[in-house]
There are 4 protein chains.
Amino acid sequence: MLQVAIVGGTGYTGVELIRLLSSHPEVTIKWLTSRSEAGKPVASIFPSLRGISDLVYSDLGEQTVEALAECDVVFFATPHGVAMQQAQKLVDAGVKVIDLAADFRLQSLEAFEHWYKHQHACPELLKQAAYGLPEINRDAIKSAQVIGNPGCYPTTAILGLKPIIDAQNADNKQLVESRIIIDAKSGVSGAGRQAKLNLNYAETTDNFNAYGVTGHRHLPEIEQGVHQLLGSKFTHNIRFVPHLVPMIRGMFTTIHLGLTEEASKLDLQSLYENAYKDEQFIDVLPQGEYPDTRSVRASNRLRIAVHQNNDRQEATILVVQDNLVKGAAGQAVQCMNVMFGFDEALGLNHVPVVP
Amino acid sequence: MLQVAIVGGTGYTGVELIRLLSSHPEVTIKWLTSRSEAGKPVASIFPSLRGISDLVYSDLGEQTVEALAECDVVFFATPHGVAMQQAQKLVDAGVKVIDLAADFRLQSLEAFEHWYKHQHACPELLKQAAYGLPEINRDAIKSAQVIGNPGCYPTTAILGLKPIIDAQNADNKQLVESRIIIDAKSGVSGAGRQAKLNLNYAETTDNFNAYGVTGHRHLPEIEQGVHQLLGSKFTHNIRFVPHLVPMIRGMFTTIHLGLTEEASKLDLQSLYENAYKDEQFIDVLPQGEYPDTRSVRASNRLRIAVHQNNDRQEATILVVQDNLVKGAAGQAVQCMNVMFGFDEALGLNHVPVVP
Amino acid sequence: MLQVAIVGGTGYTGVELIRLLSSHPEVTIKWLTSRSEAGKPVASIFPSLRGISDLVYSDLGEQTVEALAECDVVFFATPHGVAMQQAQKLVDAGVKVIDLAADFRLQSLEAFEHWYKHQHACPELLKQAAYGLPEINRDAIKSAQVIGNPGCYPTTAILGLKPIIDAQNADNKQLVESRIIIDAKSGVSGAGRQAKLNLNYAETTDNFNAYGVTGHRHLPEIEQGVHQLLGSKFTHNIRFVPHLVPMIRGMFTTIHLGLTEEASKLDLQSLYENAYKDEQFIDVLPQGEYPDTRSVRASNRLRIAVHQNNDRQEATILVVQDNLVKGAAGQAVQCMNVMFGFDEALGLNHVPVVP
Amino acid sequence: MLQVAIVGGTGYTGVELIRLLSSHPEVTIKWLTSRSEAGKPVASIFPSLRGISDLVYSDLGEQTVEALAECDVVFFATPHGVAMQQAQKLVDAGVKVIDLAADFRLQSLEAFEHWYKHQHACPELLKQAAYGLPEINRDAIKSAQVIGNPGCYPTTAILGLKPIIDAQNADNKQLVESRIIIDAKSGVSGAGRQAKLNLNYAETTDNFNAYGVTGHRHLPEIEQGVHQLLGSKFTHNIRFVPHLVPMIRGMFTTIHLGLTEEASKLDLQSLYENAYKDEQFIDVLPQGEYPDTRSVRASNRLRIAVHQNNDRQEATILVVQDNLVKGAAGQAVQCMNVMFGFDEALGLNHVPVVP
């Protein structure tokens, strides 16, 4: 059994990790840490876990590294800037690190420091970290000591673009016009478990709005995904606009593509189906269908629909996932499975909860 | 035109007062006060008011009483304990006071201090204050200097019980068994405009719970309503259990009554219809119908359905209102209309918003 | 592996059965029937099942009994009146039957025919059927050929009352006053997967209402539970009022009890904790806590809180469950586990989905 | 007082027309027609109108034209294809017609018949009809006999594009790249008051999806708006993708524009503010702000925010409205006000309902 620790298990990604890991057949959660809740049973904070988990929050204090070093892998479900303070020592102690925050997502130090306003604490380690999107980066994840678990929006955007960017690279012919518009919509849990007026039920319900139009931290991550991970040979000017949907879980990303003449010779439907035919968690819907977010609720699946319109030289790619699973905790567990040689779907075969 | 002030206009009852008063034909809002938002236009806090209200929040500081004394009536949309600090001076200056918090609801000093853990700042004034439920207490309101605007739950409970308690008193025969069960449900706006984790959208949606089972401050107010305002000749042991519903506005109160043999001779439907036939805001539904909260959304109406079952010697009274209108700001404006001799419905004829 | 069939798998209890059974380690779903959807893959009706289930709806037509007889157990997730047409033949063929509708819930033929307006097709079989509430009726379920799976409301009501009714019987002293008020609230999925105007999103959201006040089919089932299953020595006049909550899943039942003098000598908290200490799915919350429906979302757990107030001689019992799991499909699987000698929680250890 | 009729007042635009017109100071509703509900009081279908409206649904049968001819204006809140059957006779009788469906929206007969699959019943009248968007087409509306009231999505799209298209025309220089992406989101009431499974609460809540990606009827209407009404000198390839949001009312339209070099010399914020400075219902938010749909709930306002990014040569225009008011019934009343020489805001000054 793997010994794992969850650092900072009081947020929504934390409790989702507990949900997933507590029924994972090869995992024992050894430590669950929180300064603010130290000493309290996790079930007192999340009564949904009564009768399921006896875990108690610990404040490991000065013993943090020693204690965590008893584990095989440590998940950081903490705010940005925490994991990078401890990662080097853990790696030195032979422990693998999966950070669900942003400390190891952006490979460019400049980009990180520009967008997150933190100085990076371990730039050397950052260079070795793997971006934790298995469908793109499986080999690197296998051998990595540190994983930067992707942001929720970038997961949908990069997986939604991969097949056509790959095809464009393969043929060395531009298929997609320079501008790519990513109009994304997220459920409220994406904003975290926080006491904020703008997240109050009476403020959020029966309402819809946009945010981050002037620049959202997931934009450089999407750009990195397209230009570095996917290695696009053509430069794309990516526009990313996120919106807040009055729903708990779920993410819906609408990718608007202008197609070149060249692209109209392609059957994008087949292209996408082939690209993902061996991926357990990626489902390309049949021609003409529409995904809805609830079809992946509480599961690690991501579904994609491809709508190609040659008359207008455009395509719309629709991507759905559960932002807390494939967009966060589930993806982290998937990375863990890859890192430790388990079947990638081990402990992740939850049937979506419908209705 | 009446000159009015709203003290503390940053909460939900405050913005609802602004909505109602800004289209009231006999009212000018002279002051809108807030310490935290002083200097800001109300439309910067509530963008819904852009183009509608040019009001700017003031912090009147040491000039508070002098400034407010320029008004005919001051509404306190503040937390409990604020109005009682300023009410006496305002009354001395000839200004009428309507407190939407609890400072002037409970006539009993002991009850107030027990339930609200405040020492009352003006017990003499409390004695003169009128409980602001026009359908029960219209005459006292007409001549009052100070109004304690009722709590939202008590409004539904007292109006739901009035006809049968009145009938019981008139005949001097017990119609209703001693125990009265009031199982009430409120939308989330009733908890106020607050940054609290338990009010976060992702905590509240697709969820239902009870609170205050061990004792809620509206219980003594309901008891006062039944035993003093309605002057019940029979003692009733009232059980009040409130619940939180995942909806923005709306209150639904289910009153469970055990009936005596005597009561089965009565037609409660007619009794209720007669009791309220002259009330503009109280609607008794036809026999057998069910009210829903949206049928009063954003309006000052309160609807009642009466379900009598003589075989089982029981009756169920269902009451709905918009907790922010008839349950708070609308009722306060109705009181103002009564106090100043306007038609009681002036400025309150909003058509419920459906869907 | 057990071979099972689901008759009528297009509703919410049907899809929930598929969710639960498709990951049950001892079960193979052999047949999934539907006349209207025959020939279609289940994943075309429920895209959440894409990649999870290859089942195709069958219309077995004249071969129904023969085909179903290949199974060990048949679940009927059909409207009332269907299971009783086929149950006798299946039993004769040695197949066990679990009906999730009402055909085998009410032991009294008169009660069934009065409330359901159907003549019962197999009164003899009805006599042998067991009421499928394992915490009350485990032994009968073990040996039964036919299970009437309980209604969702009765599950909460009967389990919420069991400890105190049992105590009352044990001491032969009345603890609870004659009138018992059950004020219950259900999420909208309880109304089924139907195209009905009153279930339209824009009709149901931001709204709350009551229904069935004049008589709901779950009342005789609750009465049967109290007076026959629990064998109450004292007669109780039960009042049951259900309400519709704008949430998908979840049921919250508030039981209002008047206590006798005798009852104030009891510690109800301990009484309830002891009563359920060996039950895997029943959780009695610590003194003073409140359950919320999401704490059991998508799981088979039922949580109970006990609020006793001796000063007022009253108690409030709060019960939550997921209406589609412990209130329907989960309970049916639990019964199956009991009938076939599996661990009662086999395949039912889902962690509640929060948020 | 104007005498008005509402044909087909049982849907959401119908009940919204009743809400608005019943408090309009210059209007009397003379007829409210419905075949299915003939003879019933409107308050029996919409209990929210109890005590507010005594209207009874009529089936005028063969007397329809004669009866409607007693009115000054007739609103058709009917499905597509109804108004065009009666409009000519009404116009001949001197009655003005406002159709809230699509019969008179598309000036091109070919476009109409292609998209709506109806043969048009009165092509001559169609030529004279005015597109009822006062901010674009006020003069034509003033003198029109027949109004095609705009679709909800086109209202946001056309008003969101007008200032920049006008500027482009004025300078005769292309400011906006050819491709315009309109990613729009609507509340569920936009789908009408219908019993449909996909609109069931449990299907729609906590969910998000797209529809009409392959071609939505509002696309040709937006194209007509840009190329004919606004008379764009440059051809734009418009992509329109609508989505369904789990909220009752509200529409949010995100317009993604690529800007030319030329455009970066412009201050779009000032351009938009100037364009709408005299419009009572159009509000351009201050630089950098975000609109939310609730800020216009139940009101006729439409709010716009302009986010210009010269570094990336792009702009995002965010537009919100209440789909049932400015997107339907409110706009129709606004047109009526224009047609009959009233102040354009008469009866339309509702304060948005927040929260």
# chains A, B, ... in the order shown; residues from 1 in each chain; ligands from 1
>>> residues_around(residues="range 177-185 of chain D", least_positions_apart="4", cutoff="8 Å", atoms="only C-alpha atoms", output="short mmCIF file (atom, residue, chain, number, x, y, z; two decimals) with C-alpha atoms, in the first residue's frame")
data_model
loop_
_atom_site.label_atom_id
_atom_site.label_comp_id
_atom_site.auth_asym_id
_atom_site.auth_seq_id
_atom_site.Cartn_x
_atom_site.Cartn_y
_atom_site.Cartn_z
CA ASP A 183 -14.93 30.79 -23.91
CA HIS A 256 -14.09 28.55 -31.37
CA TYR D 153 -30.13 36.81 -28.53
CA ALA D 157 -25.75 40.90 -30.22
CA PHE D 234 -17.60 45.31 -44.35
CA THR D 235 -18.67 41.71 -44.48
CA HIS D 236 -18.55 39.82 -41.24
CA ASN D 237 -18.52 36.09 -40.81
CA ILE D 238 -20.55 35.69 -37.65
CA ARG D 239 -20.33 32.62 -35.43
CA PHE D 240 -23.17 32.25 -32.93
CA VAL D 241 -23.18 29.56 -30.24
CA PRO D 242 -25.93 29.60 -27.59
CA HIS D 243 -25.77 27.84 -24.23
CA LEU D 244 -28.28 27.01 -21.53
CA VAL D 245 -27.58 28.29 -18.00
CA MET D 251 -29.04 36.43 -20.82
CA PHE D 252 -25.31 36.97 -21.03
CA THR D 253 -23.66 37.48 -24.40
CA THR D 254 -19.91 37.46 -24.83
CA ILE D 255 -18.82 39.01 -28.11
CA HIS D 256 -15.23 38.25 -29.08
CA LEU D 257 -13.75 40.71 -31.57
CA GLY D 258 -10.40 40.74 -33.30
CA LEU D 259 -9.33 44.35 -33.76
CA THR D 260 -7.43 45.83 -36.66
#
>>> residues_around(residues="Asn337 in chain C", least_positions_apart="6", cutoff="12 Å", atoms="only C-alpha atoms", output="PyMOL selection string")
chain C and resi 2+21+24-27+73+98+132+134+138+141-143+330-331+343-348
>>> interface_residues(of="chain D", to="chain A", cutoff="6 Å", atoms="only C-alpha atoms", output="list in words")
Asp206, Asn207, Phe208, Asn209, Met247, Asp292, Thr293 and Arg294 of chain D
>>> write_last_selection(atoms="C-alpha atoms", output="PDB file, in the first residue's frame")
ATOM      1  CA  ASP D 206     -26.278  21.803 -11.725  1.00  0.00           C
ATOM      2  CA  ASN D 207     -25.704  21.392 -15.420  1.00  0.00           C
ATOM      3  CA  PHE D 208     -24.561  23.422 -18.415  1.00  0.00           C
ATOM      4  CA  ASN D 209     -24.672  22.726 -22.114  1.00  0.00           C
ATOM      5  CA  MET D 247     -31.014  30.115 -14.002  1.00  0.00           C
ATOM      6  CA  ASP D 292     -24.021  40.325 -14.185  1.00  0.00           C
ATOM      7  CA  THR D 293     -27.412  39.194 -15.306  1.00  0.00           C
ATOM      8  CA  ARG D 294     -29.119  39.806 -11.992  1.00  0.00           C
TER       9      ARG D 294
END
>>> select_by_dssp(residues="range 219-346 of chain C", states="helix (DSSP H, G or I)", output="PyMOL selection string")
chain C and resi 219-229+261-265+268-275+293-296+325-339
>>> residues_around(residues="Ala144 in chain B", least_positions_apart="3", cutoff="9 Å", atoms="only C-alpha atoms", output="mmCIF file with N, CA and C atoms, in the first residue's frame")
data_model
loop_
_atom_site.group_PDB
_atom_site.id
_atom_site.type_symbol
_atom_site.label_atom_id
_atom_site.label_comp_id
_atom_site.auth_asym_id
_atom_site.auth_seq_id
_atom_site.Cartn_x
_atom_site.Cartn_y
_atom_site.Cartn_z
ATOM 1 N N LYS B 96 -40.171 60.007 13.243
ATOM 2 C CA LYS B 96 -40.659 58.655 13.486
ATOM 3 C C LYS B 96 -39.585 57.634 13.111
ATOM 4 N N VAL B 97 -39.598 56.516 13.812
ATOM 5 C CA VAL B 97 -38.554 55.503 13.647
ATOM 6 C C VAL B 97 -39.197 54.159 13.307
ATOM 7 N N GLN B 128 -43.576 52.241 24.496
ATOM 8 C CA GLN B 128 -44.463 52.975 23.583
ATOM 9 C C GLN B 128 -44.414 52.454 22.156
ATOM 10 N N ALA B 129 -43.416 51.638 21.865
ATOM 11 C CA ALA B 129 -43.251 51.190 20.478
ATOM 12 C C ALA B 129 -44.415 50.304 20.055
ATOM 13 N N ALA B 130 -44.760 50.370 18.797
ATOM 14 C CA ALA B 130 -45.819 49.513 18.268
ATOM 15 C C ALA B 130 -45.205 48.406 17.429
ATOM 16 N N ASP B 139 -54.128 50.254 14.468
ATOM 17 C CA ASP B 139 -54.393 51.478 15.217
ATOM 18 C C ASP B 139 -53.170 51.942 15.990
ATOM 19 N N ALA B 140 -52.508 50.996 16.602
ATOM 20 C CA ALA B 140 -51.318 51.378 17.371
ATOM 21 C C ALA B 140 -50.242 51.936 16.442
ATOM 22 N N ILE B 141 -50.136 51.370 15.267
ATOM 23 C CA ILE B 141 -49.127 51.839 14.316
ATOM 24 C C ILE B 141 -49.404 53.274 13.892
ATOM 25 N N ILE B 147 -41.666 52.054 15.555
ATOM 26 C CA ILE B 147 -42.207 50.769 15.102
ATOM 27 C C ILE B 147 -41.118 49.705 15.209
ATOM 28 N N MET B 339 -48.706 55.089 9.083
ATOM 29 C CA MET B 339 -48.331 56.176 10.004
ATOM 30 C C MET B 339 -48.592 57.564 9.412
#
